[in-house]
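Trainee: Please see the structure below; I have some questions.
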Amino acid sequence: MQKKLSLLKLTFILLLVLLPVVFFSWRFNRPEKIPSPTKKMSLSDLYLYAQKTKAMDEITSSEVYFSATKTQLNNDRFQIDFYLSAKDGMKVDGADLVLNTSQNLIIKKITQGQVFPQYPRLVHDNQNATVTGLASLAGNMIKLGQPNRLFASLIVEKVIFNQPAKITIDQSSTKANLNGEAVLNQSVSLKEINL
Amino acid sequence: MKNKVGFLIFVLSLLLFMYLGTLFAYRSRASGVNLELKLKLQGLFALDTKIKLRVDVYNSTGKVAQFDNVLLNYTNNNLFEGLVILEQNLDLNVPYALFIKPENYLGQLFCSATKSGSSCQYPELILTNSLNQLDLSTKLFYAGDLAPQDGKVDSGDLSTIFANIGKTGPTADINLDKIVNGVDYALAQKTLSLNKNDDQITLEAPVTPTTPPGPTGSPPTGFPTPIPTTVPVPTSTPTPTPVPQSGRGRCNGIVTGQVRISYLGQTECRVLNETDYRCVDSASECTNAACVDFTKTEIRSMVDRCGYGMATFDESSPISCQASYTTDPSCQDPPEETSCDDNSQTCP
């Protein structure tokens, strides 16, 4: 009887000891989880979503390409107008145009066009230029880019006016996008301009 | 019997304490190097936000370790903190540099707590076996480099956010508020407008001080100035006297006008009417135009600091300044403004 009691006691003590051990092992060794995202759409978000869906529904075409015209302003100065072209009904939500010039050509000025409601990036140094046009979501109103308008204008100057010069479009960085997809047709799009 | 049970309880309790002690020890000090990181991220975050990041460890020869899926917890004021356990064996006798790349953000290279980006030329971080605290919150991490991360923010990243508007997945949810919306778009757009990229990693070996050759030794090849064999000892040490800079003075300005700040598509306008000063080296530096430029630089820096990358100062804001110069050889610049409190009046 006494032996039975001591065995019971021992089992009880063992359980008492083991339970916290198991609990603490589980508590401190379990991997930390990132809470799974849950839907939290405010009225404003819902309105923006509806605006986006509506804007996308109105688009019928699917591809765009860059083209350009050049105008000689004087002996060594040229104006290059870049256009984003497409079939009617096409719109874009963003585009990057990245240009490099040959050693004989210096970029003097770059100005934004009218394809996009905003051009947040318009940067250049002597030999490189980057222009980015984007759709606007200001005030939850979606305004997409409308092709077949001027995208950007570039003023360049030859260092030696009677020597050839070239503007190259960086094809890996030049892009046009719509709803997360690349819509620039690289095979048709402008690749270089000789001056 | 009683004694035996008592002994058993004692032994088991001892084992339990030893086991729990080991657990806690491992939790606070892992087998690797522990790094307590503090970062500042552009965005608007909820209190329970956790950000995932990658930490690459470099020494002067190249990358020696990479730690993925490191989690940091949001504390407040755009700050994230957490413990990174650098589990791989790192030689603690050499300095390191860390490249930190949060998910959906641009990465930054740190040679020390204060040297990052282009000023980070060689590894300077000395890691120890104890807890290493690294506060990198002086450098803001910019958002917008979405998966697949290519080290830059371009129209493709913005288009991905646009495509995910209204969705709940983490693909384009920069501020991790469980919805992709205009805030995420504005954050990436801000980074794009600043033309930011991942920091370039071009680390060199640390410059070690060279021991000058002794009097009999020949100077190494290319050593431009020979070390003199005898050093003249001055008979008395002259006390340096402060030399006032010629023309140094105080440029006082009465600044008036309006400050326009764009914030998430809305424009806020505040009345500007204050007096300020700065130290200049000559009276010619104290012009009305220079005062306006200086004021605009200060506003721009304040907007960058307090707007968390989501606010933009409208450079065409009408600001004028009436500058006046007074000679003051011991002029001290006013302390740098760190507060983000806004007590100014809104424009009429």
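FYI, nothing fancy with the structure tokens labels: chains A, B, ... in order, residues from 1 per chain, ligands from 1 as they appear.
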Could you pull out the residues in segment 108-169 of chain B that DSSP calls strand (DSSP E) from the backbone, as an MDAnalysis selection string?
Mentor: chainID B and resid 108:110 132:141
Trainee: Write to file, as a JSON list (two decimals), in the first residue's frame, the residues of the selection just made, with C-alpha atoms.
Mentor:
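Here's the written file again.json:
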```
[["chain", "number", "residue", "atom", "x", "y", "z"],
["B", 108, "GLN", "CA", 21.67, 50.47, -47.80],
["B", 109, "LEU", "CA", 25.26, 49.63, -47.03],
["B", 110, "PHE", "CA", 26.64, 50.47, -43.59],
["B", 132, "ASN", "CA", 26.01, 44.29, -30.51],
["B", 133, "GLN", "CA", 23.73, 47.30, -30.66],
["B", 134, "LEU", "CA", 23.51, 49.06, -33.99],
["B", 135, "ASP", "CA", 21.31, 52.12, -34.31],
["B", 136, "LEU", "CA", 21.05, 52.94, -38.02],
["B", 137, "SER", "CA", 18.01, 55.17, -37.67],
["B", 138, "THR", "CA", 19.80, 58.26, -38.95],
["B", 139, "LYS", "CA", 19.42, 56.89, -42.49],
["B", 140, "LEU", "CA", 15.91, 56.54, -43.88],
["B", 141, "PHE", "CA", 15.15, 53.44, -45.95]]
```
Trainee: Determine, counting only C-alpha atoms, which protein, DNA and RNA residues have an atom within 8 Å of an atom of Val156 of chain A; residues of the same chain fewer than 2 positions away are not included. Present the result as a ChimeraX atom specification.
Mentor: /A:77-80,105-109,154,158
Trainee: Quick one: write out the picked residues with all heavy atoms as a short mmCIF file (atom, residue, chain, number, x, y, z; two decimals), in the first residue's frame?
Mentor:
```cif
data_model
loop_
_atom_site.label_atom_id
_atom_site.label_comp_id
_atom_site.auth_asym_id
_atom_site.auth_seq_id
_atom_site.Cartn_x
_atom_site.Cartn_y
_atom_site.Cartn_z
N ARG A 77 22.99 72.45 -82.35
CA ARG A 77 21.92 72.22 -81.37
C ARG A 77 20.70 71.55 -82.02
O ARG A 77 20.27 71.97 -83.10
CB ARG A 77 21.51 73.56 -80.75
CG ARG A 77 20.93 73.43 -79.37
CD ARG A 77 20.82 74.80 -78.74
NE ARG A 77 21.81 74.95 -77.68
CZ ARG A 77 21.48 75.11 -76.41
NH1 ARG A 77 20.22 75.19 -76.04
NH2 ARG A 77 22.41 75.24 -75.49
N PHE A 78 20.17 70.52 -81.34
CA PHE A 78 19.01 69.79 -81.88
C PHE A 78 17.94 69.65 -80.81
O PHE A 78 18.25 69.56 -79.62
CB PHE A 78 19.42 68.38 -82.31
CG PHE A 78 20.42 68.35 -83.43
CD1 PHE A 78 21.79 68.48 -83.17
CD2 PHE A 78 20.00 68.19 -84.75
CE1 PHE A 78 22.71 68.45 -84.20
CE2 PHE A 78 20.93 68.15 -85.78
CZ PHE A 78 22.28 68.29 -85.50
N GLN A 79 16.70 69.61 -81.27
CA GLN A 79 15.59 69.29 -80.36
C GLN A 79 15.02 67.94 -80.80
O GLN A 79 14.68 67.75 -81.97
CB GLN A 79 14.50 70.36 -80.42
CG GLN A 79 13.33 69.99 -79.51
CD GLN A 79 12.30 71.09 -79.39
OE1 GLN A 79 12.63 72.28 -79.45
NE2 GLN A 79 11.05 70.70 -79.23
N ILE A 80 14.93 67.02 -79.86
CA ILE A 80 14.35 65.71 -80.15
C ILE A 80 13.06 65.59 -79.36
O ILE A 80 13.07 65.74 -78.13
CB ILE A 80 15.30 64.54 -79.73
CG1 ILE A 80 16.75 64.85 -80.07
CG2 ILE A 80 14.82 63.23 -80.29
CD1 ILE A 80 17.09 64.89 -81.52
N LEU A 105 28.03 64.35 -77.99
CA LEU A 105 26.73 64.98 -77.77
C LEU A 105 26.49 65.22 -76.28
O LEU A 105 26.70 64.32 -75.46
CB LEU A 105 25.64 64.04 -78.31
CG LEU A 105 24.32 64.64 -78.75
CD1 LEU A 105 24.52 65.62 -79.89
CD2 LEU A 105 23.38 63.54 -79.21
N ILE A 106 26.06 66.44 -75.97
CA ILE A 106 25.80 66.78 -74.57
C ILE A 106 24.32 67.11 -74.41
O ILE A 106 23.76 67.86 -75.22
CB ILE A 106 26.69 67.97 -74.13
CG1 ILE A 106 28.14 67.50 -74.03
CG2 ILE A 106 26.24 68.55 -72.81
CD1 ILE A 106 29.12 68.61 -73.77
N ILE A 107 23.72 66.56 -73.39
CA ILE A 107 22.30 66.86 -73.12
C ILE A 107 22.24 68.20 -72.39
O ILE A 107 22.84 68.37 -71.33
CB ILE A 107 21.64 65.74 -72.28
CG1 ILE A 107 21.72 64.40 -73.03
CG2 ILE A 107 20.19 66.09 -71.95
CD1 ILE A 107 21.34 63.20 -72.20
N LYS A 108 21.52 69.14 -72.97
CA LYS A 108 21.43 70.48 -72.38
C LYS A 108 20.17 70.64 -71.54
O LYS A 108 20.17 71.29 -70.51
CB LYS A 108 21.44 71.57 -73.47
CG LYS A 108 22.64 71.53 -74.38
CD LYS A 108 23.96 71.66 -73.65
CE LYS A 108 24.31 73.06 -73.26
NZ LYS A 108 25.67 73.15 -72.70
N LYS A 109 19.08 70.07 -72.04
CA LYS A 109 17.81 70.32 -71.34
C LYS A 109 16.82 69.19 -71.65
O LYS A 109 16.85 68.63 -72.75
CB LYS A 109 17.22 71.65 -71.83
CG LYS A 109 16.08 72.18 -71.02
CD LYS A 109 15.57 73.47 -71.63
CE LYS A 109 14.31 73.93 -70.95
NZ LYS A 109 13.68 75.04 -71.65
N LEU A 154 13.91 66.84 -75.71
CA LEU A 154 15.32 66.86 -75.32
C LEU A 154 16.05 67.88 -76.19
O LEU A 154 15.85 67.92 -77.41
CB LEU A 154 15.87 65.45 -75.59
CG LEU A 154 17.21 65.05 -75.05
CD1 LEU A 154 17.16 64.93 -73.55
CD2 LEU A 154 17.60 63.68 -75.63
N LYS A 158 25.98 69.28 -80.05
CA LYS A 158 27.18 68.56 -80.49
C LYS A 158 28.42 69.27 -79.97
O LYS A 158 28.47 70.51 -79.99
CB LYS A 158 27.23 68.51 -82.01
CG LYS A 158 26.43 67.39 -82.63
CD LYS A 158 26.71 67.32 -84.12
CE LYS A 158 25.95 66.20 -84.76
NZ LYS A 158 26.20 66.15 -86.23
#
```
Trainee: For Ile59 of chain A, please output as a PyMOL selection string all residues within 10 Å (counting only C-alpha atoms; exclusion window: fewer than 6 positions along the same chain).
Mentor: chain A and resi 88-92+178
Trainee: Go ahead and dump the residues you just picked, all heavy atoms, as a PDB file, in the first residue's frame.
Mentor:
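So selection_36.pdb came out as:
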```pdb
ATOM      1  N   ASP A  88      -5.680  53.631 -80.928  1.00  0.00           N
ATOM      2  CA  ASP A  88      -6.692  54.326 -80.126  1.00  0.00           C
ATOM      3  C   ASP A  88      -7.242  53.413 -79.032  1.00  0.00           C
ATOM      4  O   ASP A  88      -7.368  52.211 -79.228  1.00  0.00           O
ATOM      5  CB  ASP A  88      -7.851  54.778 -81.035  1.00  0.00           C
ATOM      6  CG  ASP A  88      -7.436  55.979 -81.884  1.00  0.00           C
ATOM      7  OD1 ASP A  88      -6.393  56.573 -81.571  1.00  0.00           O
ATOM      8  OD2 ASP A  88      -8.148  56.280 -82.863  1.00  0.00           O
ATOM      9  N   GLY A  89      -7.549  54.003 -77.913  1.00  0.00           N
ATOM     10  CA  GLY A  89      -8.165  53.232 -76.826  1.00  0.00           C
ATOM     11  C   GLY A  89      -7.163  52.684 -75.836  1.00  0.00           C
ATOM     12  O   GLY A  89      -7.530  52.119 -74.816  1.00  0.00           O
ATOM     13  N   MET A  90      -5.862  52.848 -76.134  1.00  0.00           N
ATOM     14  CA  MET A  90      -4.831  52.328 -75.231  1.00  0.00           C
ATOM     15  C   MET A  90      -4.445  53.387 -74.200  1.00  0.00           C
ATOM     16  O   MET A  90      -4.384  54.583 -74.511  1.00  0.00           O
ATOM     17  CB  MET A  90      -3.607  51.932 -76.051  1.00  0.00           C
ATOM     18  CG  MET A  90      -2.465  51.377 -75.231  1.00  0.00           C
ATOM     19  SD  MET A  90      -2.956  49.918 -74.299  1.00  0.00           S
ATOM     20  CE  MET A  90      -1.400  49.441 -73.588  1.00  0.00           C
ATOM     21  N   LYS A  91      -4.202  52.944 -72.995  1.00  0.00           N
ATOM     22  CA  LYS A  91      -3.691  53.827 -71.947  1.00  0.00           C
ATOM     23  C   LYS A  91      -2.568  53.108 -71.209  1.00  0.00           C
ATOM     24  O   LYS A  91      -2.435  51.890 -71.302  1.00  0.00           O
ATOM     25  CB  LYS A  91      -4.812  54.214 -70.982  1.00  0.00           C
ATOM     26  CG  LYS A  91      -5.791  55.194 -71.620  1.00  0.00           C
ATOM     27  CD  LYS A  91      -6.805  55.685 -70.643  1.00  0.00           C
ATOM     28  CE  LYS A  91      -7.748  56.656 -71.353  1.00  0.00           C
ATOM     29  NZ  LYS A  91      -8.814  57.123 -70.486  1.00  0.00           N
ATOM     30  N   VAL A  92      -1.754  53.862 -70.501  1.00  0.00           N
ATOM     31  CA  VAL A  92      -0.642  53.274 -69.739  1.00  0.00           C
ATOM     32  C   VAL A  92      -0.620  53.890 -68.335  1.00  0.00           C
ATOM     33  O   VAL A  92      -1.077  55.016 -68.143  1.00  0.00           O
ATOM     34  CB  VAL A  92       0.722  53.517 -70.433  1.00  0.00           C
ATOM     35  CG1 VAL A  92       1.015  52.488 -71.484  1.00  0.00           C
ATOM     36  CG2 VAL A  92       0.823  54.894 -71.042  1.00  0.00           C
ATOM     37  N   LEU A 178       1.203  48.715 -67.982  1.00  0.00           N
ATOM     38  CA  LEU A 178      -0.216  48.878 -67.703  1.00  0.00           C
ATOM     39  C   LEU A 178      -0.654  47.744 -66.786  1.00  0.00           C
ATOM     40  O   LEU A 178      -0.468  46.570 -67.124  1.00  0.00           O
ATOM     41  CB  LEU A 178      -1.043  48.861 -69.001  1.00  0.00           C
ATOM     42  CG  LEU A 178      -2.555  48.929 -68.795  1.00  0.00           C
ATOM     43  CD1 LEU A 178      -2.960  50.257 -68.171  1.00  0.00           C
ATOM     44  CD2 LEU A 178      -3.294  48.731 -70.097  1.00  0.00           C
TER      45      LEU A 178
END
```
Trainee: Which residues of chain A have any atom within 8 Å of an atom in chain B when counting only C-alpha atoms, and what is the closest pair of atoms for each, with the distance in Å to one decimal? Order the rows by chain and rising number and write it as JSON lines.
Mentor:
```
{"residue": "A:Leu10", "atom": "CA", "partner": "B:Val5", "partner_atom": "CA", "distance": 7.5}
{"residue": "A:Ile13", "atom": "CA", "partner": "B:Ile9", "partner_atom": "CA", "distance": 7.2}
{"residue": "A:Leu14", "atom": "CA", "partner": "B:Leu12", "partner_atom": "CA", "distance": 8.0}
{"residue": "A:Val17", "atom": "CA", "partner": "B:Leu16", "partner_atom": "CA", "distance": 6.9}
{"residue": "A:Val21", "atom": "CA", "partner": "B:Leu16", "partner_atom": "CA", "distance": 6.9}
{"residue": "A:Phe24", "atom": "CA", "partner": "B:Leu20", "partner_atom": "CA", "distance": 7.5}
{"residue": "A:Ser25", "atom": "CA", "partner": "B:Leu23", "partner_atom": "CA", "distance": 7.7}
{"residue": "A:Phe28", "atom": "CA", "partner": "B:Leu23", "partner_atom": "CA", "distance": 7.6}
{"residue": "A:Ile34", "atom": "CA", "partner": "B:Lys50", "partner_atom": "CA", "distance": 7.1}
{"residue": "A:Pro37", "atom": "CA", "partner": "B:Lys178", "partner_atom": "CA", "distance": 5.3}
{"residue": "A:Thr38", "atom": "CA", "partner": "B:Lys178", "partner_atom": "CA", "distance": 6.1}
{"residue": "A:Lys39", "atom": "CA", "partner": "B:Thr168", "partner_atom": "CA", "distance": 5.8}
{"residue": "A:Lys40", "atom": "CA", "partner": "B:Ile179", "partner_atom": "CA", "distance": 6.3}
{"residue": "A:Met41", "atom": "CA", "partner": "B:Ile179", "partner_atom": "CA", "distance": 6.7}
{"residue": "A:Asp45", "atom": "CA", "partner": "B:Asn181", "partner_atom": "CA", "distance": 6.1}
{"residue": "A:Leu46", "atom": "CA", "partner": "B:Gly166", "partner_atom": "CA", "distance": 6.9}
{"residue": "A:Leu48", "atom": "CA", "partner": "B:Asn181", "partner_atom": "CA", "distance": 7.5}
{"residue": "A:Tyr49", "atom": "CA", "partner": "B:Gly166", "partner_atom": "CA", "distance": 5.3}
{"residue": "A:Lys52", "atom": "CA", "partner": "B:Ile165", "partner_atom": "CA", "distance": 7.7}
{"residue": "A:Asp93", "atom": "CA", "partner": "B:Ser159", "partner_atom": "CA", "distance": 6.3}
{"residue": "A:Gly94", "atom": "CA", "partner": "B:Ser155", "partner_atom": "CA", "distance": 5.1}
{"residue": "A:Ala95", "atom": "CA", "partner": "B:Ser155", "partner_atom": "CA", "distance": 5.5}
{"residue": "A:Asp96", "atom": "CA", "partner": "B:Ser155", "partner_atom": "CA", "distance": 6.1}
{"residue": "A:Pro120", "atom": "CA", "partner": "B:Ser193", "partner_atom": "CA", "distance": 4.8}
{"residue": "A:Arg121", "atom": "CA", "partner": "B:Ser193", "partner_atom": "CA", "distance": 4.8}
{"residue": "A:Thr132", "atom": "CA", "partner": "B:Ser155", "partner_atom": "CA", "distance": 6.9}
{"residue": "A:Gly133", "atom": "CA", "partner": "B:Ser155", "partner_atom": "CA", "distance": 7.7}
{"residue": "A:Leu134", "atom": "CA", "partner": "B:Ser155", "partner_atom": "CA", "distance": 7.0}
{"residue": "A:Leu137", "atom": "CA", "partner": "B:Gly182", "partner_atom": "CA", "distance": 6.5}
{"residue": "A:Ala138", "atom": "CA", "partner": "B:Gly265", "partner_atom": "CA", "distance": 4.5}
{"residue": "A:Gly139", "atom": "CA", "partner": "B:Gly265", "partner_atom": "CA", "distance": 6.0}
{"residue": "A:Asn140", "atom": "CA", "partner": "B:Gly182", "partner_atom": "CA", "distance": 7.2}
{"residue": "A:Lys175", "atom": "CA", "partner": "B:Ser155", "partner_atom": "CA", "distance": 7.3}
{"residue": "A:Ala176", "atom": "CA", "partner": "B:Ser155", "partner_atom": "CA", "distance": 7.3}
{"residue": "A:Asn177", "atom": "CA", "partner": "B:Ser159", "partner_atom": "CA", "distance": 6.1}
{"residue": "A:Leu178", "atom": "CA", "partner": "B:Ser159", "partner_atom": "CA", "distance": 6.3}
{"residue": "A:Asn179", "atom": "CA", "partner": "B:Ala163", "partner_atom": "CA", "distance": 4.3}
{"residue": "A:Gly180", "atom": "CA", "partner": "B:Thr160", "partner_atom": "CA", "distance": 4.2}
{"residue": "A:Glu181", "atom": "CA", "partner": "B:Ser159", "partner_atom": "CA", "distance": 7.4}
{"residue": "A:Ala182", "atom": "CA", "partner": "B:Gly156", "partner_atom": "CA", "distance": 7.6}
```
Trainee: Considering only C-alpha atoms, return as number ranges by chain whatever protein or nucleic-acid residues lie within 8 Å of segment 78-84 of chain B, sequence-local ones (same chain, fewer than 5 positions apart) excluded.
Mentor: B: 34-45, 51, 70-73, 137, 308
Trainee: Going by DSSP on the backbone, which bits of segment 16-124 of chain A are helix (DSSP H, G or I)? Write them as an MDAnalysis selection string, please.
Mentor: chainID A and resid 16:29 43:57
Trainee: Smallest atom-to-atom distance to Asp76 of chain A: which of A:Ile160, A:Val64, A:His124, A:Ser189, using only C-alpha atoms?
Mentor: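 Among the listed residues, the smallest separation from Asp76 of chain A belongs to A:Ile160.
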Trainee: Please identify all polymer residues within 8 Å of Ile319 of chain B, counting only C-alpha atoms, omitting same-chain residues fewer than 4 positions from it, and present them as a list in words.
Mentor: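 Everything that qualifies: Val255, Thr256, Gly257, Gln258, Val259, Leu272 and Val292 of chain B.
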Trainee: Mind giving me the straight-line distance from atom CA of Ala86 of chain A to atom CA of Ile193 of chain A in Å, one decimal?
Mentor: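 Between atom CA of Ala86 of chain A and atom CA of Ile193 of chain A the gap works out to 20.1 Å.
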Trainee: So the first atom is atom CA of Ser301 of chain B and the second is atom CA of Leu146 of chain B; what is the distance between them in Å, to one decimal place?
Mentor: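 These two atoms are separated by 26.7 Å.
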